[in-house]
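Listing of data_10.cif, mmCIF, C-alpha atoms and all ligand atoms
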data_run
#
loop_
_atom_site.group_PDB
_atom_site.id
_atom_site.type_symbol
_atom_site.label_atom_id
_atom_site.label_comp_id
_atom_site.auth_asym_id
_atom_site.auth_seq_id
_atom_site.Cartn_x
_atom_site.Cartn_y
_atom_site.Cartn_z
ATOM 1 C CA MET H 116 14.898 -1.025 53.178
ATOM 2 C CA SER H 117 15.190 -4.753 53.271
ATOM 3 C CA GLN H 118 15.568 -6.624 50.018
ATOM 4 C CA LEU H 119 12.381 -8.546 50.821
ATOM 5 C CA ILE H 120 10.191 -5.444 51.147
ATOM 6 C CA TYR H 121 11.713 -3.967 48.007
ATOM 7 C CA GLU H 122 10.966 -7.116 45.983
ATOM 8 C CA ARG H 123 7.450 -7.309 47.423
ATOM 9 C CA MET H 124 6.818 -3.702 46.410
ATOM 10 C CA ARG H 125 7.983 -4.350 42.824
ATOM 11 C CA ASP H 126 5.862 -7.462 42.697
ATOM 12 C CA ALA H 127 2.833 -5.489 43.921
ATOM 13 C CA PHE H 128 3.304 -2.906 41.150
ATOM 14 C CA GLU H 129 3.358 -5.734 38.643
ATOM 15 C CA GLN H 130 0.258 -7.399 40.056
ATOM 16 C CA LEU H 131 -1.547 -4.074 40.162
ATOM 17 C CA ASN H 132 -0.617 -3.584 36.520
ATOM 18 C CA MET H 133 1.353 -0.375 37.154
ATOM 19 C CA PRO H 134 4.251 -0.635 34.665
ATOM 20 C CA ARG H 135 5.022 3.086 34.568
ATOM 21 C CA ALA H 136 5.312 3.246 38.383
ATOM 22 C CA LEU H 137 7.550 0.190 38.301
ATOM 23 C CA GLU H 138 9.731 1.828 35.687
ATOM 24 C CA ASN H 139 10.093 5.065 37.687
ATOM 25 C CA VAL H 140 10.298 3.836 41.252
ATOM 26 C CA ASP H 141 14.074 3.258 41.456
ATOM 27 C CA ALA H 142 15.003 6.717 40.189
ATOM 28 C CA LEU H 143 12.457 8.304 42.544
ATOM 29 C CA LEU H 144 13.699 6.270 45.540
ATOM 30 C CA ASP H 145 17.254 7.458 44.745
ATOM 31 C CA ARG H 146 16.034 11.032 44.877
ATOM 32 C CA VAL H 147 14.326 10.389 48.228
ATOM 33 C CA GLY H 148 17.632 8.889 49.450
ATOM 34 C CA ASN H 149 19.414 12.086 48.364
ATOM 35 C CA ASN H 150 16.833 14.221 50.178
ATOM 36 C CA GLU H 151 15.724 15.755 46.893
ATOM 37 C CA LEU H 152 12.182 14.448 47.211
ATOM 38 C CA SER H 153 9.807 13.962 50.141
ATOM 39 C CA VAL H 154 7.842 10.732 50.570
ATOM 40 C CA VAL H 155 4.621 12.528 49.652
ATOM 41 C CA GLU H 156 6.269 13.832 46.471
ATOM 42 C CA LEU H 157 7.474 10.308 45.689
ATOM 43 C CA LEU H 158 3.943 8.936 45.938
ATOM 44 C CA ASP H 159 2.537 11.864 43.988
ATOM 45 C CA GLN H 160 4.974 11.399 41.105
ATOM 46 C CA LEU H 161 4.624 7.639 41.060
ATOM 47 C CA LEU H 162 0.833 7.731 40.914
ATOM 48 C CA GLY H 163 0.790 10.705 38.543
ATOM 49 C CA ALA H 164 3.048 8.888 36.068
ATOM 50 C CA GLU H 165 0.862 5.793 36.207
ATOM 51 C CA LEU H 166 -2.339 7.771 35.740
ATOM 52 C CA SER H 167 -1.013 9.628 32.718
ATOM 53 C CA ALA H 168 0.207 6.341 31.182
ATOM 54 C CA ARG H 169 -3.263 4.853 31.681
ATOM 55 C CA ARG H 170 -4.878 7.900 30.141
ATOM 56 C CA GLU H 171 -2.575 7.643 27.100
ATOM 57 C CA ARG H 172 -3.363 3.939 26.728
ATOM 58 C CA SER H 173 -7.079 4.488 26.929
ATOM 59 C CA ILE H 174 -6.945 7.336 24.382
ATOM 60 C CA THR H 175 -4.936 5.118 22.017
ATOM 61 C CA MET H 176 -7.448 2.315 22.432
ATOM 62 C CA ARG H 177 -10.481 4.555 21.881
ATOM 63 C CA LEU H 178 -8.785 6.156 18.859
ATOM 64 C CA LYS H 179 -8.307 2.719 17.359
ATOM 65 C CA LEU H 180 -11.925 1.717 18.015
ATOM 66 C CA ALA H 181 -13.334 4.994 16.679
ATOM 67 C CA GLY H 182 -12.158 4.423 13.116
ATOM 68 C CA LEU H 183 -11.436 8.079 12.376
ATOM 69 C CA PRO H 184 -10.047 8.506 8.861
ATOM 70 C CA GLY H 185 -6.965 10.274 10.274
ATOM 71 C CA ILE H 186 -5.917 12.711 12.945
ATOM 72 C CA LYS H 187 -7.276 16.183 12.277
ATOM 73 C CA THR H 188 -7.452 18.920 14.858
ATOM 74 C CA ILE H 189 -9.100 22.294 15.035
ATOM 75 C CA ASP H 190 -5.675 23.952 15.219
ATOM 76 C CA GLN H 191 -4.840 22.568 11.761
ATOM 77 C CA PHE H 192 -7.924 24.243 10.323
ATOM 78 C CA ASP H 193 -7.350 27.511 8.453
ATOM 79 C CA PHE H 194 -10.443 29.592 9.218
ATOM 80 C CA GLY H 195 -9.092 32.387 7.007
ATOM 81 C CA PHE H 196 -9.669 30.109 4.023
ATOM 82 C CA GLN H 197 -13.333 29.518 4.943
ATOM 83 C CA PRO H 198 -14.759 32.911 5.973
ATOM 84 C CA SER H 199 -18.399 31.721 5.820
ATOM 85 C CA LEU H 200 -17.659 29.559 8.856
ATOM 86 C CA ASP H 201 -18.168 31.099 12.302
ATOM 87 C CA GLU H 202 -14.835 30.326 13.996
ATOM 88 C CA GLY H 203 -16.083 31.172 17.498
ATOM 89 C CA LYS H 204 -19.003 28.768 17.136
ATOM 90 C CA VAL H 205 -16.793 25.952 15.794
ATOM 91 C CA ARG H 206 -14.277 26.465 18.601
ATOM 92 C CA ASP H 207 -17.095 26.488 21.149
ATOM 93 C CA LEU H 208 -18.230 23.088 19.838
ATOM 94 C CA HIS H 209 -14.790 21.741 20.666
ATOM 95 C CA THR H 210 -15.493 22.403 24.359
ATOM 96 C CA LEU H 211 -17.893 19.423 23.862
ATOM 97 C CA ARG H 212 -20.779 20.970 25.773
ATOM 98 C CA PHE H 213 -23.032 19.651 22.997
ATOM 99 C CA LEU H 214 -22.074 16.081 23.940
ATOM 100 C CA SER H 215 -23.311 16.303 27.506
ATOM 101 C CA ASN H 216 -26.750 17.378 26.254
ATOM 102 C CA GLY H 217 -26.929 14.818 23.436
ATOM 103 C CA GLN H 218 -27.067 17.596 20.843
ATOM 104 C CA ASN H 219 -26.198 17.140 17.195
ATOM 105 C CA VAL H 220 -23.857 18.957 14.820
ATOM 106 C CA ILE H 221 -24.344 19.137 11.076
ATOM 107 C CA PHE H 222 -21.834 20.306 8.495
ATOM 108 C CA LEU H 223 -23.287 20.994 5.061
ATOM 109 C CA GLY H 224 -21.306 22.109 2.051
ATOM 110 C CA PRO H 225 -19.617 21.298 -1.235
ATOM 111 C CA PRO H 226 -16.676 18.866 -1.559
ATOM 112 C CA GLY H 227 -13.365 19.917 -0.032
ATOM 113 C CA CYS H 228 -14.737 22.647 2.246
ATOM 114 C CA GLY H 229 -13.597 20.871 5.417
ATOM 115 C CA LYS H 230 -16.636 18.878 6.576
ATOM 116 C CA THR H 231 -14.740 15.655 7.251
ATOM 117 C CA HIS H 232 -11.841 17.589 8.795
ATOM 118 C CA LEU H 233 -14.125 19.332 11.297
ATOM 119 C CA SER H 234 -16.148 16.241 12.174
ATOM 120 C CA THR H 235 -12.904 14.310 12.689
ATOM 121 C CA SER H 236 -11.472 17.048 14.876
ATOM 122 C CA LEU H 237 -14.630 16.952 17.024
ATOM 123 C CA GLY H 238 -14.224 13.176 17.267
ATOM 124 C CA HIS H 239 -10.604 13.565 18.275
ATOM 125 C CA ALA H 240 -11.489 16.145 20.927
ATOM 126 C CA ALA H 241 -14.165 13.833 22.358
ATOM 127 C CA ILE H 242 -11.767 10.871 22.503
ATOM 128 C CA THR H 243 -9.147 12.987 24.250
ATOM 129 C CA ALA H 244 -11.822 13.996 26.751
ATOM 130 C CA GLY H 245 -12.496 10.324 27.531
ATOM 131 C CA GLU H 246 -15.544 9.610 25.365
ATOM 132 C CA MET H 247 -16.293 6.696 23.027
ATOM 133 C CA VAL H 248 -16.596 7.812 19.426
ATOM 134 C CA HIS H 249 -17.576 5.940 16.276
ATOM 135 C CA PHE H 250 -16.837 7.307 12.828
ATOM 136 C CA THR H 251 -18.540 5.834 9.793
ATOM 137 C CA THR H 252 -19.397 6.852 6.268
ATOM 138 C CA ALA H 253 -23.100 6.802 5.467
ATOM 139 C CA ARG H 254 -22.477 4.011 2.978
ATOM 140 C CA GLU H 255 -20.807 1.750 5.596
ATOM 141 C CA LEU H 256 -23.419 2.575 8.216
ATOM 142 C CA PHE H 257 -26.399 1.701 6.033
ATOM 143 C CA ALA H 258 -24.754 -1.532 4.910
ATOM 144 C CA LYS H 259 -24.219 -2.458 8.571
ATOM 145 C CA LEU H 260 -27.739 -1.489 9.606
ATOM 146 C CA ARG H 261 -29.125 -3.589 6.781
ATOM 147 C CA SER H 262 -27.406 -6.697 8.067
ATOM 148 C CA SER H 263 -28.510 -6.200 11.694
ATOM 149 C CA SER H 264 -31.951 -6.390 13.201
ATOM 150 C CA GLY H 265 -33.914 -6.171 16.453
ATOM 151 C CA LEU H 266 -31.815 -6.304 19.610
ATOM 152 C CA HIS H 267 -28.705 -6.484 17.527
ATOM 153 C CA PHE H 268 -29.382 -3.019 16.259
ATOM 154 C CA LYS H 269 -29.203 -1.552 19.754
ATOM 155 C CA ARG H 270 -25.901 -3.263 20.427
ATOM 156 C CA LEU H 271 -24.170 -1.927 17.323
ATOM 157 C CA THR H 272 -20.982 -0.100 18.266
ATOM 158 C CA ALA H 273 -22.222 2.725 16.108
ATOM 159 C CA ASN H 274 -25.224 3.152 18.338
ATOM 160 C CA ARG H 275 -23.439 2.742 21.668
ATOM 161 C CA ALA H 276 -20.803 5.407 21.141
ATOM 162 C CA LYS H 277 -21.368 8.703 22.915
ATOM 163 C CA LEU H 278 -20.603 10.446 19.644
ATOM 164 C CA LEU H 279 -21.594 8.945 16.312
ATOM 165 C CA ILE H 280 -20.077 10.634 13.262
ATOM 166 C CA ILE H 281 -21.849 9.911 9.981
ATOM 167 C CA ASP H 282 -19.840 11.229 7.076
ATOM 168 C CA GLU H 283 -21.050 11.843 3.529
ATOM 169 C CA ILE H 284 -24.798 11.561 3.646
ATOM 170 C CA GLY H 285 -26.126 12.440 0.232
ATOM 171 C CA TYR H 286 -23.546 11.108 -2.175
ATOM 172 C CA GLU H 287 -25.799 8.119 -2.814
ATOM 173 C CA PRO H 288 -29.604 7.972 -2.603
ATOM 174 C CA LEU H 289 -31.046 5.909 0.257
ATOM 175 C CA ASP H 290 -33.414 3.064 -0.529
ATOM 176 C CA HIS H 291 -36.491 2.575 1.647
ATOM 177 C CA GLU H 292 -34.860 0.122 4.060
ATOM 178 C CA ALA H 293 -31.805 2.347 4.560
ATOM 179 C CA ALA H 294 -34.084 5.333 5.150
ATOM 180 C CA ARG H 295 -36.184 3.457 7.739
ATOM 181 C CA ASN H 296 -33.051 2.244 9.528
ATOM 182 C CA PHE H 297 -31.677 5.766 9.526
ATOM 183 C CA PHE H 298 -34.940 6.951 11.102
ATOM 184 C CA ARG H 299 -34.727 4.264 13.811
ATOM 185 C CA LEU H 300 -31.133 5.189 14.579
ATOM 186 C CA VAL H 301 -31.922 8.881 14.857
ATOM 187 C CA CYS H 302 -34.905 8.072 17.129
ATOM 188 C CA GLU H 303 -32.835 5.833 19.388
ATOM 189 C CA ARG H 304 -30.157 8.457 19.799
ATOM 190 C CA TYR H 305 -32.567 11.363 20.132
ATOM 191 C CA GLU H 306 -31.545 13.435 23.197
ATOM 192 C CA ARG H 307 -29.334 10.514 24.335
ATOM 193 C CA GLY H 308 -26.276 10.385 22.109
ATOM 194 C CA SER H 309 -24.931 13.024 19.786
ATOM 195 C CA ILE H 310 -24.648 12.683 16.038
ATOM 196 C CA VAL H 311 -22.208 14.676 13.932
ATOM 197 C CA LEU H 312 -23.274 14.476 10.338
ATOM 198 C CA THR H 313 -21.821 15.786 7.100
ATOM 199 C CA SER H 314 -23.639 16.187 3.822
ATOM 200 C CA ASN H 315 -23.246 17.803 0.438
ATOM 201 C CA LYS H 316 -27.038 18.109 0.192
ATOM 202 C CA ARG H 317 -29.218 20.915 1.508
ATOM 203 C CA PHE H 318 -32.035 19.854 3.853
ATOM 204 C CA SER H 319 -34.547 20.785 1.151
ATOM 205 C CA GLU H 320 -33.033 18.018 -0.990
ATOM 206 C CA TRP H 321 -33.406 15.270 1.636
ATOM 207 C CA GLY H 322 -36.909 14.300 0.484
ATOM 208 C CA GLU H 323 -35.501 13.410 -2.894
ATOM 209 C CA LEU H 324 -32.402 11.786 -1.357
ATOM 210 C CA ILE H 325 -34.528 9.557 0.872
ATOM 211 C CA GLY H 326 -37.268 9.062 -1.717
ATOM 212 C CA ASP H 327 -39.971 9.818 0.860
ATOM 213 C CA ASP H 328 -40.831 13.373 1.947
ATOM 214 C CA THR H 329 -42.666 12.280 5.106
ATOM 215 C CA LEU H 330 -39.835 10.082 6.342
ATOM 216 C CA ALA H 331 -37.251 12.738 5.468
ATOM 217 C CA GLY H 332 -39.313 15.258 7.447
ATOM 218 C CA ALA H 333 -39.501 12.905 10.455
ATOM 219 C CA ILE H 334 -35.728 12.277 10.380
ATOM 220 C CA LEU H 335 -34.915 15.973 10.075
ATOM 221 C CA ASP H 336 -37.416 16.862 12.800
ATOM 222 C CA ARG H 337 -35.527 14.787 15.383
ATOM 223 C CA LEU H 338 -32.070 15.432 14.015
ATOM 224 C CA LEU H 339 -32.499 19.199 14.005
ATOM 225 C CA HIS H 340 -34.456 19.635 17.240
ATOM 226 C CA HIS H 341 -31.245 20.131 19.234
ATOM 227 C CA ALA H 342 -28.622 20.774 16.599
ATOM 228 C CA THR H 343 -26.065 23.266 15.425
ATOM 229 C CA THR H 344 -25.891 23.460 11.653
ATOM 230 C CA PHE H 345 -23.052 24.938 9.645
ATOM 231 C CA ALA H 346 -23.777 25.571 5.985
ATOM 232 C CA ILE H 347 -20.268 26.056 4.651
ATOM 233 C CA ASN H 348 -20.383 28.048 1.513
ATOM 234 C CA GLY H 349 -16.835 28.217 0.312
ATOM 235 C CA PRO H 350 -14.065 26.950 -1.908
ATOM 236 C CA SER H 351 -12.434 23.525 -1.886
ATOM 237 C CA TYR H 352 -9.228 23.253 0.087
ATOM 238 C CA ARG H 353 -8.252 20.243 -2.019
ATOM 239 C CA LEU H 354 -8.333 22.408 -5.137
ATOM 240 C CA LYS H 355 -6.308 25.078 -3.390
ATOM 241 C CA GLU H 356 -3.629 22.497 -2.636
ATOM 242 C CA LYS H 357 -3.692 21.230 -6.216
ATOM 243 C CA ARG H 358 -3.438 24.729 -7.582
ATOM 244 C CA ARG H 359 -0.559 25.482 -5.238
ATOM 245 C CA VAL H 360 1.480 22.591 -6.600
ATOM 246 C CA GLY H 361 0.560 23.578 -10.175
ATOM 247 C CA PHE H 362 -1.903 20.792 -11.117
ATOM 248 C CA LEU H 363 -4.724 23.185 -11.890
ATOM 249 C CA ASP H 364 -5.337 26.594 -13.304
ATOM 250 C CA ASP H 365 -8.532 28.579 -12.798
ATOM 251 C CA GLY H 366 -10.028 27.182 -16.012
ATOM 252 C CA ASP H 367 -10.324 23.766 -14.326
ATOM 253 C CA ARG H 368 -12.708 25.047 -11.734
ATOM 254 C CA LYS H 369 -16.456 25.010 -12.104
ATOM 255 C CA GLY H 370 -19.040 25.641 -9.389
ATOM 256 C CA GLY H 371 -16.577 24.873 -6.587
ATOM 257 C CA GLU H 372 -15.966 21.329 -7.855
ATOM 258 C CA LEU H 373 -13.675 19.540 -10.205
ATOM 259 C CA ARG H 374 -15.126 19.059 -13.637
HETATM 260 N N1 LIG A 401 -9.890 25.370 6.075
HETATM 261 C C1 LIG A 401 -9.021 24.356 6.038
HETATM 262 N N2 LIG A 401 -7.800 24.448 6.631
HETATM 263 C C2 LIG A 401 -6.908 23.433 6.568
HETATM 264 N N3 LIG A 401 -7.139 22.257 5.932
HETATM 265 C C3 LIG A 401 -8.328 22.098 5.328
HETATM 266 C C4 LIG A 401 -9.339 23.130 5.362
HETATM 267 N N4 LIG A 401 -10.416 22.683 4.688
HETATM 268 C C5 LIG A 401 -10.111 21.443 4.274
HETATM 269 N N5 LIG A 401 -8.860 21.097 4.636
HETATM 270 C C6 LIG A 401 -8.141 19.857 4.266
HETATM 271 O O1 LIG A 401 -8.475 19.596 2.908
HETATM 272 C C7 LIG A 401 -8.788 18.232 2.696
HETATM 273 C C8 LIG A 401 -10.236 18.083 2.270
HETATM 274 O O2 LIG A 401 -11.079 18.466 3.346
HETATM 275 P P1 LIG A 401 -12.296 17.563 3.841
HETATM 276 O O3 LIG A 401 -12.584 17.888 5.268
HETATM 277 O O4 LIG A 401 -12.027 16.133 3.528
HETATM 278 O O5 LIG A 401 -13.468 18.130 2.905
HETATM 279 P P2 LIG A 401 -14.961 17.605 2.718
HETATM 280 O O6 LIG A 401 -15.199 16.529 3.710
HETATM 281 O O7 LIG A 401 -15.812 18.819 2.945
HETATM 282 O O8 LIG A 401 -15.044 17.120 1.304
HETATM 283 C C9 LIG A 401 -8.475 17.541 4.002
HETATM 284 O O9 LIG A 401 -7.135 17.080 3.959
HETATM 285 C C10 LIG A 401 -8.604 18.660 5.041
HETATM 286 O O10 LIG A 401 -7.780 18.424 6.166
HETATM 287 MG MG MG A 402 -15.609 14.542 3.342
#

For the structure just supplied, provide its representation as structure tokens.
Ligand SMILES: Nc1ncnc2c1ncn2[C@@H]1O[C@H](COP(=O)(O)OP(=O)(O)O)[C@@H](O)[C@H]1O
Ligand SMILES: [Mg+2]
Amino acid sequence: MSQLIYERMRDAFEQLNMPRALENVDALLDRVGNNELSVVELLDQLLGAELSARRERSITMRLKLAGLPGIKTIDQFDFGFQPSLDEGKVRDLHTLRFLSNGQNVIFLGPPGCGKTHLSTSLGHAAITAGEMVHFTTARELFAKLRSSSGLHFKRLTANRAKLLIIDEIGYEPLDHEAARNFFRLVCERYERGSIVLTSNKRFSEWGELIGDDTLAGAILDRLLHHATTFAINGPSYRLKEKRRVGFLDDGDRKGGELR
């Protein structure tokens, strides 16, 4: 191979933004020279390496944009600790079929039962599968919705993601504007983009939470039309950890929460 062609090839990899191929090409050419690799295998390995590097980069970028509170996966979840949870159903969700149909997922339950863990692990699975995800707490979301209006609202990253995770609905009551914005968001995403939502409140308490039974009914009607709901009825994993390291004894526990 003439020096000129070799340099032109390296230059082409650079211009095509293929750094991984550039990095690997010399070692692969050596193996072709030693008859260890065919030309087709060379091309296959070169392109394969570049594609997997691109996939890694795009996952890293989408992870950064998603704002997940950490990396949690389904394999880190101890189903033995939470027997009220249907493991098969939760695992099935991680196949992400619900995303293609714009269906919603709702995790209800007391503090520490794994709601944020499971919603984060769904987010992580979706990002790995190539989807855009946006994680937000209810408090952040309603503050953002308050400061946006009209067209702006549609362009919010929160609204454009294929999967919107809203964590911790119910810790603070919603005022009328927050409730109306929540309704608009749920309507805009209805059957288009999935919502994963976590709450410590039962649906029967949403009227009080939102301060308007009719609006709460309208939100729940759309949210629940195509949704899988998990009402986790179990102990706090945080308390288990604390007890394990000796911070608590059973007298510190009351109604599944810290006193
Ligand atoms: N069943 C479980 N197996 C493993 N870790 C768990 C389990 N449930 C909760 N955790 C961990 O305990 C902590 C609290 O869980 P989290 O999901 O934040 O609870 P919640 O959002 O319901 O208050 C997190 O670090 C989470 O990863
Ligand atoms: Mg939580």

Please enumerate the residues selected by the PyMOL selection byres (((not hetatm)) within 8 of (chain A and resi 402)) when evaluated against the supplied file, formatted as JSON, numbers by chain.
{"H": [226, 227, 229, 230, 231, 232, 282, 283, 313]}

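Take the candidates H:Asp141, H:Asp193, H:Asp327, H:Asp159 and check each one against Glu292 of chain H using all atoms listed in the file; the shortest distance goes to H:Asp327.
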
Return as a PDB file with C-alpha atoms, keeping the file's coordinate frame every polymer residue, whether protein, DNA or RNA, with at least one atom no more than 9 Å from an atom of ligand LIG 401 (chain A); count all atoms listed in the file.
ATOM      1  CA  LYS H 187      -7.276  16.183  12.277  1.00  0.00           C
ATOM      2  CA  THR H 188      -7.452  18.920  14.858  1.00  0.00           C
ATOM      3  CA  ILE H 189      -9.100  22.294  15.035  1.00  0.00           C
ATOM      4  CA  ASP H 190      -5.675  23.952  15.219  1.00  0.00           C
ATOM      5  CA  GLN H 191      -4.840  22.568  11.761  1.00  0.00           C
ATOM      6  CA  PHE H 192      -7.924  24.243  10.323  1.00  0.00           C
ATOM      7  CA  ASP H 193      -7.350  27.511   8.453  1.00  0.00           C
ATOM      8  CA  PHE H 194     -10.443  29.592   9.218  1.00  0.00           C
ATOM      9  CA  GLY H 195      -9.092  32.387   7.007  1.00  0.00           C
ATOM     10  CA  PHE H 196      -9.669  30.109   4.023  1.00  0.00           C
ATOM     11  CA  GLN H 197     -13.333  29.518   4.943  1.00  0.00           C
ATOM     12  CA  PRO H 198     -14.759  32.911   5.973  1.00  0.00           C
ATOM     13  CA  PHE H 222     -21.834  20.306   8.495  1.00  0.00           C
ATOM     14  CA  LEU H 223     -23.287  20.994   5.061  1.00  0.00           C
ATOM     15  CA  GLY H 224     -21.306  22.109   2.051  1.00  0.00           C
ATOM     16  CA  PRO H 225     -19.617  21.298  -1.235  1.00  0.00           C
ATOM     17  CA  PRO H 226     -16.676  18.866  -1.559  1.00  0.00           C
ATOM     18  CA  GLY H 227     -13.365  19.917  -0.032  1.00  0.00           C
ATOM     19  CA  CYS H 228     -14.737  22.647   2.246  1.00  0.00           C
ATOM     20  CA  GLY H 229     -13.597  20.871   5.417  1.00  0.00           C
ATOM     21  CA  LYS H 230     -16.636  18.878   6.576  1.00  0.00           C
ATOM     22  CA  THR H 231     -14.740  15.655   7.251  1.00  0.00           C
ATOM     23  CA  HIS H 232     -11.841  17.589   8.795  1.00  0.00           C
ATOM     24  CA  LEU H 233     -14.125  19.332  11.297  1.00  0.00           C
ATOM     25  CA  SER H 234     -16.148  16.241  12.174  1.00  0.00           C
ATOM     26  CA  THR H 235     -12.904  14.310  12.689  1.00  0.00           C
ATOM     27  CA  ASP H 282     -19.840  11.229   7.076  1.00  0.00           C
ATOM     28  CA  GLU H 283     -21.050  11.843   3.529  1.00  0.00           C
ATOM     29  CA  THR H 313     -21.821  15.786   7.100  1.00  0.00           C
ATOM     30  CA  SER H 314     -23.639  16.187   3.822  1.00  0.00           C
ATOM     31  CA  ASN H 315     -23.246  17.803   0.438  1.00  0.00           C
ATOM     32  CA  ILE H 347     -20.268  26.056   4.651  1.00  0.00           C
ATOM     33  CA  PRO H 350     -14.065  26.950  -1.908  1.00  0.00           C
ATOM     34  CA  SER H 351     -12.434  23.525  -1.886  1.00  0.00           C
ATOM     35  CA  TYR H 352      -9.228  23.253   0.087  1.00  0.00           C
ATOM     36  CA  ARG H 353      -8.252  20.243  -2.019  1.00  0.00           C
ATOM     37  CA  LEU H 354      -8.333  22.408  -5.137  1.00  0.00           C
ATOM     38  CA  LYS H 355      -6.308  25.078  -3.390  1.00  0.00           C
ATOM     39  CA  GLU H 356      -3.629  22.497  -2.636  1.00  0.00           C
TER      40      GLU H 356
END

Explicit residue set for the PyMOL selection byres (((chain H and resi 341) around 7) and not hetatm), as a list of chain:residue names:
H:Gln218, H:Asn219, H:Leu339, H:His340, H:Ala342

Centre and edges of the segment 322-328 of chain H box, axis-aligned, 8 Å extra per side, as lines of an AutoDock Vina configuration file:
center_x = -36.6
center_y = 11.7
center_z = -0.5
size_x = 24.4
size_y = 21.2
size_z = 20.8

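Of note, atom CA of Thr210 of chain H and atom CA of Ile334 of chain H are spaced 26.6 Å apart.
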
What's the 10 Å shell around Trp321 of chain H, counting all atoms listed in the file, without same-chain residues fewer than 2 positions away, as an NGL selection string?
:H and (284-285 or 288-289 or 316-319 or 323-328 or 330-332 or 334-335)

Do a neighbour search on Arg170 of chain H at 12 Å with only C-alpha atoms, toss out local chain neighbours closer than 3 positions, and write the hits as a count of residues only.
16

Can you pull out the residues contacting Phe257 of chain H? Cut-off 10 Å, using only C-alpha atoms, and skip same-chain residues under 6 positions away; I want them as JSON, numbers by chain.
{"H": [251, 263, 289, 290, 292, 293, 294, 296, 297]}

Would you kindly translate the PyMOL selection byres (((chain H and resi 249) around 7) and not hetatm) into the concrete residues it picks from this file, as a PyMOL selection string?
chain H and resi 181-182+247-248+250-251+273+276+278-280

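Coordinates place atom CA of Val311 of chain H at a distance of 11.0 Å from atom CA of Ser236 of chain H.
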
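If you measure from each of H:Cys302, H:Leu162, H:Ala240, H:Ile221 to Leu137 of chain H using all atoms listed in the file, the closest one turns out to be H:Leu162.
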
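Comparing the minimum interatomic distances between Val301 of chain H and each of H:Leu200, H:Val205, H:Ile281, H:Leu143, counting only C-alpha atoms, we find that H:Ile281 sits nearest.
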
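Interatomic distance, atom CA of Ala241 of chain H to atom CA of Leu208 of chain H: 10.4 Å.
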
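Nearest residue to Glu202 of chain H, choosing from H:Leu260, H:Phe345, H:Arg275, H:Asn132 and counting all atoms listed in the file: H:Phe345.
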